[in-house]
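Notes follow the structure.
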Amino acid sequence: MAPLRFSANLSWLFPELPSLTARFRAAGSAGFEAAEVAFPYAEPPEALARAAQEAGLRLVLINTPPGDPEKGEMGLGAVPGRQAAFREGLEQAVLYAKAVGCPRIHLMAGRVPQGVDRASVRGEMERVFLENLRHAAGVLAQENLVGLLEPINTRITDPRYFLDTPQQVAAILQKVGRPNLQLQMVSGRKGMLFRRRVFSKSTVKEQWGHDGSLTTVCSSQDIFHWQIMDGNLTGNIREFLPIVGHVQVAQVPGRGEPDSPGELNFPYLFQLLEDEGYKGFVGCEYRPQGEGSVRRHHRGLEVATFVLGQAGLPTDWPVRSCTPPTSLWDSEHPVSPPLN
């Protein structure tokens, strides 16, 4: 049973630090061994690689470029008429991933056009997405990279995002028919309820290999989204972890640190991931609260140490009862755009 490994999401953590280089240093000082950045494209890839190396960090996840934020774009994979831009962005992401040694790229699907009924464009957007994913799978396979798909809840986070349920992701993965697509799981954000007739543990293992391995494209798991949309985290984690390529965590409903007030019992969830044999990184994609973030992240790793069985649970770890989720406006990234 391998211990969990944690990565610092530098688009969210250490917001008081103005530069990405400073955030790398802070993450290394806080004890992280890895980092992830949503959109690193304002920095030259060589500078990014140097900053990560000097901080003693591995970069384990980046996103494809979002498109034109001024036009409300948040990814281009499923957006009709933007196929060429998606492929250009994919090439840019691959260039960065190779330069910094990052093995995973989140292939962002994008949003349903403003003012358009989702059902009326679902078929066309899915066709475009399938076309782009097949292209991406080939490109990533050539570079030995992994692609991730992440459904984002439309209840709170992004009402227009195209990938809004894990069932939809499961169906798309089957239609693409490539062994290099996986799911990204984010703690607290997305509910995940795959129909067993679509993916069961046996069919997943047959397609992905008995160890859940993959060649290029997979999905990521955001526990924050899963809790808001569906709950049933124990069952869903056990059932679908074989197709998960990356996990991200935040408390519900406030999207704070795992030990901030909220619904989720992270010592239990971390232990569950470890017991189920998860071997990837757990990304800390939360909004720092309270005291100085460097001190907070040191404290967050105390919890990780507890999970790894190397120390007792911190004495001031709060005991909280579960409460139903409350309505909380959130965005896929902080109110201020992520630091690139």
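Each chain in the structure tokens gets a letter, A, B and so on, in the order shown; residues start at 1 in every chain, and ligands are counted from 1 in the order they appear.
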
Residues near Gly75 in chain A, anyone? I mean within 9 Å using only C-alpha atoms, not counting same-chain ones fewer than 5 positions away, as a PyMOL selection string.
chain A and resi 63-68+86+107-111

Quick one: of A:Leu183, A:Val146, A:Ala136, A:Ala85, who's nearest to Ile62 in chain A, counting only C-alpha atoms?
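Checking each of A:Leu183, A:Val146, A:Ala136, A:Ala85 against Ile62 in chain A, counting only C-alpha atoms, the winner is A:Val146.
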
Please list as a PyMOL selection string every residue within 9 Å of Leu241 in chain A, counting only C-alpha atoms and excluding residues in the same chain fewer than 2 positions away.
chain A and resi 183+185+201+212+221+236-239+243-245+273+276-278

May I have the residues from that selection written out with C-alpha atoms, as a compact mmCIF listing (two decimals), in the first residue's frame?
```txt
# COMPACT_ATOMS: atom_id res chain seq x y z
CA LEU A 183 -11.21 10.92 -15.17
CA MET A 185 -11.62 13.61 -9.45
CA LYS A 201 -14.85 -2.53 -11.91
CA GLY A 212 -5.83 0.66 -13.84
CA GLN A 221 -11.50 13.32 -9.68
CA ASN A 236 -18.10 6.26 -5.83
CA ILE A 237 -14.40 6.30 -4.94
CA ARG A 238 -14.31 2.52 -4.57
CA GLU A 239 -16.21 1.94 -7.80
CA ILE A 243 -10.30 5.20 -14.22
CA VAL A 244 -9.17 8.18 -12.13
CA GLY A 245 -5.88 9.76 -13.16
CA LEU A 273 -7.78 6.49 -1.15
CA GLU A 276 -7.94 1.45 -2.34
CA GLY A 277 -4.45 1.65 -3.79
CA TYR A 278 -4.53 5.11 -5.38
```

So what do you get for CA of Ile152 in chain A versus CA of Val249 in chain A, distance-wise?
13.6 Å

Please provide as a list in words all residues within 7 Å of Val112 in chain A, with the sequence filter that same-chain residues fewer than 3 positions apart are discarded (counting only C-alpha atoms).
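Here the qualifying residues turn out to be Val116, Arg118, Arg160, Tyr161 and Phe162 of chain A.
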
Using all heavy atoms, can you export the residues from the last selection as a compact mmCIF listing (two decimals), in the first residue's frame?
```txt
# COMPACT_ATOMS: atom_id res chain seq x y z
N VAL A 116 -27.77 29.88 -25.04
CA VAL A 116 -28.19 28.73 -25.85
C VAL A 116 -28.61 27.59 -24.94
O VAL A 116 -27.97 27.33 -23.91
CB VAL A 116 -27.03 28.28 -26.78
CG1 VAL A 116 -27.42 27.01 -27.55
CG2 VAL A 116 -26.66 29.39 -27.74
N ARG A 118 -28.78 24.09 -23.50
CA ARG A 118 -27.79 23.02 -23.49
C ARG A 118 -28.21 21.84 -24.36
O ARG A 118 -27.41 21.28 -25.13
CB ARG A 118 -27.54 22.57 -22.06
CG ARG A 118 -26.57 21.40 -21.91
CD ARG A 118 -26.43 21.00 -20.44
NE ARG A 118 -25.80 22.06 -19.67
CZ ARG A 118 -24.49 22.16 -19.49
NH1 ARG A 118 -23.67 21.26 -20.00
NH2 ARG A 118 -23.99 23.15 -18.76
N ARG A 160 -22.53 26.74 -17.23
CA ARG A 160 -22.49 26.53 -18.67
C ARG A 160 -21.43 25.53 -19.11
O ARG A 160 -21.28 25.28 -20.31
CB ARG A 160 -22.26 27.87 -19.39
CG ARG A 160 -23.42 28.84 -19.30
CD ARG A 160 -23.05 30.24 -19.77
NE ARG A 160 -22.26 30.20 -20.97
CZ ARG A 160 -21.24 31.03 -21.25
NH1 ARG A 160 -20.89 31.96 -20.38
NH2 ARG A 160 -20.57 30.93 -22.38
N TYR A 161 -20.68 24.94 -18.18
CA TYR A 161 -19.62 24.04 -18.60
C TYR A 161 -20.20 22.80 -19.26
O TYR A 161 -21.20 22.24 -18.81
CB TYR A 161 -18.74 23.65 -17.41
CG TYR A 161 -17.38 23.16 -17.83
CD1 TYR A 161 -16.41 24.06 -18.29
CD2 TYR A 161 -17.07 21.81 -17.83
CE1 TYR A 161 -15.16 23.62 -18.69
CE2 TYR A 161 -15.82 21.36 -18.23
CZ TYR A 161 -14.88 22.27 -18.67
OH TYR A 161 -13.64 21.83 -19.08
N PHE A 162 -19.59 22.37 -20.38
CA PHE A 162 -20.17 21.29 -21.18
C PHE A 162 -20.14 19.95 -20.45
O PHE A 162 -21.13 19.22 -20.44
CB PHE A 162 -19.43 21.16 -22.51
CG PHE A 162 -19.91 20.00 -23.35
CD1 PHE A 162 -21.19 20.00 -23.87
CD2 PHE A 162 -19.09 18.91 -23.59
CE1 PHE A 162 -21.66 18.93 -24.64
CE2 PHE A 162 -19.54 17.84 -24.35
CZ PHE A 162 -20.82 17.85 -24.88
```

Using DSSP assignments from the backbone, pull out every residue in range 130-198 of chain A that falls under strand (DSSP E) and give it to me as a PDB file with all heavy atoms, in the first residue's frame.
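And here is the file that came out, part-v4.pdb:
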```
ATOM      1  N   VAL A 146      -0.288  11.977 -20.497  1.00  0.00           N
ATOM      2  CA  VAL A 146      -1.636  11.561 -20.113  1.00  0.00           C
ATOM      3  C   VAL A 146      -2.583  12.746 -20.231  1.00  0.00           C
ATOM      4  O   VAL A 146      -2.248  13.857 -19.808  1.00  0.00           O
ATOM      5  CB  VAL A 146      -1.637  11.026 -18.665  1.00  0.00           C
ATOM      6  CG1 VAL A 146      -3.062  10.790 -18.166  1.00  0.00           C
ATOM      7  CG2 VAL A 146      -0.820   9.752 -18.561  1.00  0.00           C
ATOM      8  N   GLY A 147      -3.761  12.521 -20.797  1.00  0.00           N
ATOM      9  CA  GLY A 147      -4.793  13.549 -20.845  1.00  0.00           C
ATOM     10  C   GLY A 147      -5.876  13.272 -19.826  1.00  0.00           C
ATOM     11  O   GLY A 147      -6.248  12.119 -19.607  1.00  0.00           O
ATOM     12  N   LEU A 148      -6.394  14.312 -19.193  1.00  0.00           N
ATOM     13  CA  LEU A 148      -7.429  14.176 -18.175  1.00  0.00           C
ATOM     14  C   LEU A 148      -8.695  14.899 -18.604  1.00  0.00           C
ATOM     15  O   LEU A 148      -8.633  15.967 -19.211  1.00  0.00           O
ATOM     16  CB  LEU A 148      -6.955  14.767 -16.840  1.00  0.00           C
ATOM     17  CG  LEU A 148      -5.713  14.166 -16.205  1.00  0.00           C
ATOM     18  CD1 LEU A 148      -5.353  14.925 -14.930  1.00  0.00           C
ATOM     19  CD2 LEU A 148      -5.906  12.695 -15.902  1.00  0.00           C
ATOM     20  N   LEU A 149      -9.849  14.321 -18.272  1.00  0.00           N
ATOM     21  CA  LEU A 149     -11.143  14.964 -18.462  1.00  0.00           C
ATOM     22  C   LEU A 149     -11.761  15.194 -17.092  1.00  0.00           C
ATOM     23  O   LEU A 149     -11.765  14.296 -16.255  1.00  0.00           O
ATOM     24  CB  LEU A 149     -12.083  14.099 -19.297  1.00  0.00           C
ATOM     25  CG  LEU A 149     -11.607  13.666 -20.682  1.00  0.00           C
ATOM     26  CD1 LEU A 149     -12.702  12.871 -21.374  1.00  0.00           C
ATOM     27  CD2 LEU A 149     -11.202  14.863 -21.518  1.00  0.00           C
ATOM     28  N   LEU A 181      -7.641   7.762 -22.095  1.00  0.00           N
ATOM     29  CA  LEU A 181      -8.505   8.802 -21.522  1.00  0.00           C
ATOM     30  C   LEU A 181      -8.865   8.416 -20.099  1.00  0.00           C
ATOM     31  O   LEU A 181      -9.234   7.280 -19.852  1.00  0.00           O
ATOM     32  CB  LEU A 181      -9.792   8.954 -22.340  1.00  0.00           C
ATOM     33  CG  LEU A 181      -9.696   9.550 -23.740  1.00  0.00           C
ATOM     34  CD1 LEU A 181     -11.049   9.509 -24.422  1.00  0.00           C
ATOM     35  CD2 LEU A 181      -9.187  10.970 -23.684  1.00  0.00           C
ATOM     36  N   GLN A 182      -8.820   9.355 -19.149  1.00  0.00           N
ATOM     37  CA  GLN A 182      -9.164   9.075 -17.758  1.00  0.00           C
ATOM     38  C   GLN A 182      -9.918  10.227 -17.123  1.00  0.00           C
ATOM     39  O   GLN A 182     -10.042  11.306 -17.700  1.00  0.00           O
ATOM     40  CB  GLN A 182      -7.902   8.791 -16.938  1.00  0.00           C
ATOM     41  CG  GLN A 182      -7.587   7.315 -16.796  1.00  0.00           C
ATOM     42  CD  GLN A 182      -6.538   7.069 -15.742  1.00  0.00           C
ATOM     43  OE1 GLN A 182      -5.847   7.976 -15.309  1.00  0.00           O
ATOM     44  NE2 GLN A 182      -6.401   5.822 -15.322  1.00  0.00           N
ATOM     45  N   LEU A 183     -10.395   9.973 -15.918  1.00  0.00           N
ATOM     46  CA  LEU A 183     -11.209  10.923 -15.171  1.00  0.00           C
ATOM     47  C   LEU A 183     -10.392  11.659 -14.123  1.00  0.00           C
ATOM     48  O   LEU A 183      -9.547  11.074 -13.459  1.00  0.00           O
ATOM     49  CB  LEU A 183     -12.352  10.167 -14.487  1.00  0.00           C
ATOM     50  CG  LEU A 183     -13.258  10.950 -13.549  1.00  0.00           C
ATOM     51  CD1 LEU A 183     -14.114  11.950 -14.297  1.00  0.00           C
ATOM     52  CD2 LEU A 183     -14.136  10.000 -12.760  1.00  0.00           C
ATOM     53  N   GLN A 184     -10.652  12.950 -13.956  1.00  0.00           N
ATOM     54  CA  GLN A 184     -10.031  13.748 -12.896  1.00  0.00           C
ATOM     55  C   GLN A 184     -11.054  13.946 -11.784  1.00  0.00           C
ATOM     56  O   GLN A 184     -12.150  14.427 -12.014  1.00  0.00           O
ATOM     57  CB  GLN A 184      -9.586  15.109 -13.456  1.00  0.00           C
ATOM     58  CG  GLN A 184      -8.903  15.998 -12.432  1.00  0.00           C
ATOM     59  CD  GLN A 184      -8.247  17.209 -13.081  1.00  0.00           C
ATOM     60  OE1 GLN A 184      -7.519  17.082 -14.056  1.00  0.00           O
ATOM     61  NE2 GLN A 184      -8.514  18.386 -12.571  1.00  0.00           N
ATOM     62  N   MET A 185     -10.697  13.573 -10.582  1.00  0.00           N
ATOM     63  CA  MET A 185     -11.618  13.615  -9.448  1.00  0.00           C
ATOM     64  C   MET A 185     -11.224  14.744  -8.514  1.00  0.00           C
ATOM     65  O   MET A 185     -10.089  14.819  -8.069  1.00  0.00           O
ATOM     66  CB  MET A 185     -11.566  12.285  -8.679  1.00  0.00           C
ATOM     67  CG  MET A 185     -12.414  12.248  -7.420  1.00  0.00           C
ATOM     68  SD  MET A 185     -12.370  10.617  -6.658  1.00  0.00           S
ATOM     69  CE  MET A 185     -11.444  10.946  -5.189  1.00  0.00           C
ATOM     70  N   VAL A 186     -12.177  15.635  -8.247  1.00  0.00           N
ATOM     71  CA  VAL A 186     -11.911  16.769  -7.357  1.00  0.00           C
ATOM     72  C   VAL A 186     -12.760  16.637  -6.116  1.00  0.00           C
ATOM     73  O   VAL A 186     -13.972  16.579  -6.182  1.00  0.00           O
ATOM     74  CB  VAL A 186     -12.199  18.109  -8.046  1.00  0.00           C
ATOM     75  CG1 VAL A 186     -11.900  19.267  -7.125  1.00  0.00           C
ATOM     76  CG2 VAL A 186     -11.379  18.222  -9.315  1.00  0.00           C
ATOM     77  N   SER A 187     -12.111  16.590  -4.967  1.00  0.00           N
ATOM     78  CA  SER A 187     -12.804  16.386  -3.718  1.00  0.00           C
ATOM     79  C   SER A 187     -13.713  17.548  -3.393  1.00  0.00           C
ATOM     80  O   SER A 187     -13.298  18.677  -3.317  1.00  0.00           O
ATOM     81  CB  SER A 187     -11.790  16.220  -2.593  1.00  0.00           C
ATOM     82  OG  SER A 187     -12.438  16.335  -1.357  1.00  0.00           O
ATOM     83  N   GLY A 188     -14.985  17.224  -3.218  1.00  0.00           N
ATOM     84  CA  GLY A 188     -15.924  18.227  -2.762  1.00  0.00           C
ATOM     85  C   GLY A 188     -16.607  18.965  -3.873  1.00  0.00           C
ATOM     86  O   GLY A 188     -17.537  19.704  -3.639  1.00  0.00           O
ATOM     87  N   ARG A 189     -16.160  18.829  -5.139  1.00  0.00           N
ATOM     88  CA  ARG A 189     -16.743  19.659  -6.179  1.00  0.00           C
ATOM     89  C   ARG A 189     -17.770  18.928  -7.011  1.00  0.00           C
ATOM     90  O   ARG A 189     -18.742  19.505  -7.443  1.00  0.00           O
ATOM     91  CB  ARG A 189     -15.649  20.177  -7.129  1.00  0.00           C
ATOM     92  CG  ARG A 189     -15.029  21.445  -6.683  1.00  0.00           C
ATOM     93  CD  ARG A 189     -14.419  22.161  -7.826  1.00  0.00           C
ATOM     94  NE  ARG A 189     -13.119  21.638  -8.137  1.00  0.00           N
ATOM     95  CZ  ARG A 189     -12.470  21.881  -9.259  1.00  0.00           C
ATOM     96  NH1 ARG A 189     -13.012  22.603 -10.183  1.00  0.00           N
ATOM     97  NH2 ARG A 189     -11.275  21.387  -9.459  1.00  0.00           N
ATOM     98  N   LYS A 190     -17.530  17.689  -7.348  1.00  0.00           N
ATOM     99  CA  LYS A 190     -18.360  17.066  -8.354  1.00  0.00           C
ATOM    100  C   LYS A 190     -18.952  15.775  -7.840  1.00  0.00           C
ATOM    101  O   LYS A 190     -18.251  14.912  -7.341  1.00  0.00           O
ATOM    102  CB  LYS A 190     -17.526  16.775  -9.594  1.00  0.00           C
ATOM    103  CG  LYS A 190     -18.359  16.483 -10.829  1.00  0.00           C
ATOM    104  CD  LYS A 190     -18.991  17.735 -11.337  1.00  0.00           C
ATOM    105  CE  LYS A 190     -19.742  17.493 -12.623  1.00  0.00           C
ATOM    106  NZ  LYS A 190     -20.442  18.661 -13.055  1.00  0.00           N
TER     107      LYS A 190
END
```

Restricting the calculation to only C-alpha atoms, which member of A:Val60, A:Ala49, A:Leu272, A:Val79 is positioned closest to Ala8 in chain A?
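Of A:Val60, A:Ala49, A:Leu272, A:Val79, the one nearest Ala8 in chain A, counting only C-alpha atoms, is A:Val60.
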
Gap from CA of Ser19 in chain A to CA of Glu150 in chain A - Å, one decimal
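For CA of Ser19 in chain A relative to CA of Glu150 in chain A, the distance reads 26.9 Å.
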
Residue contacts of Cys102 in chain A (8 Å, only C-alpha atoms) excluding same-chain residues fewer than 4 positions away, as a ChimeraX atom specification:
/A:58-62,96-98

Backbone DSSP call of helix (DSSP H, G or I) for range 18-185 of chain A, listed as a count of residues only:
79

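CA of Arg50 in chain A sits 14.8 Å away from CA of Ala26 in chain A.
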
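Take the candidates A:Asp222, A:Glu88, A:Asp117, A:Asp158 and check each one against His135 in chain A using only C-alpha atoms; the shortest distance goes to A:Glu88.
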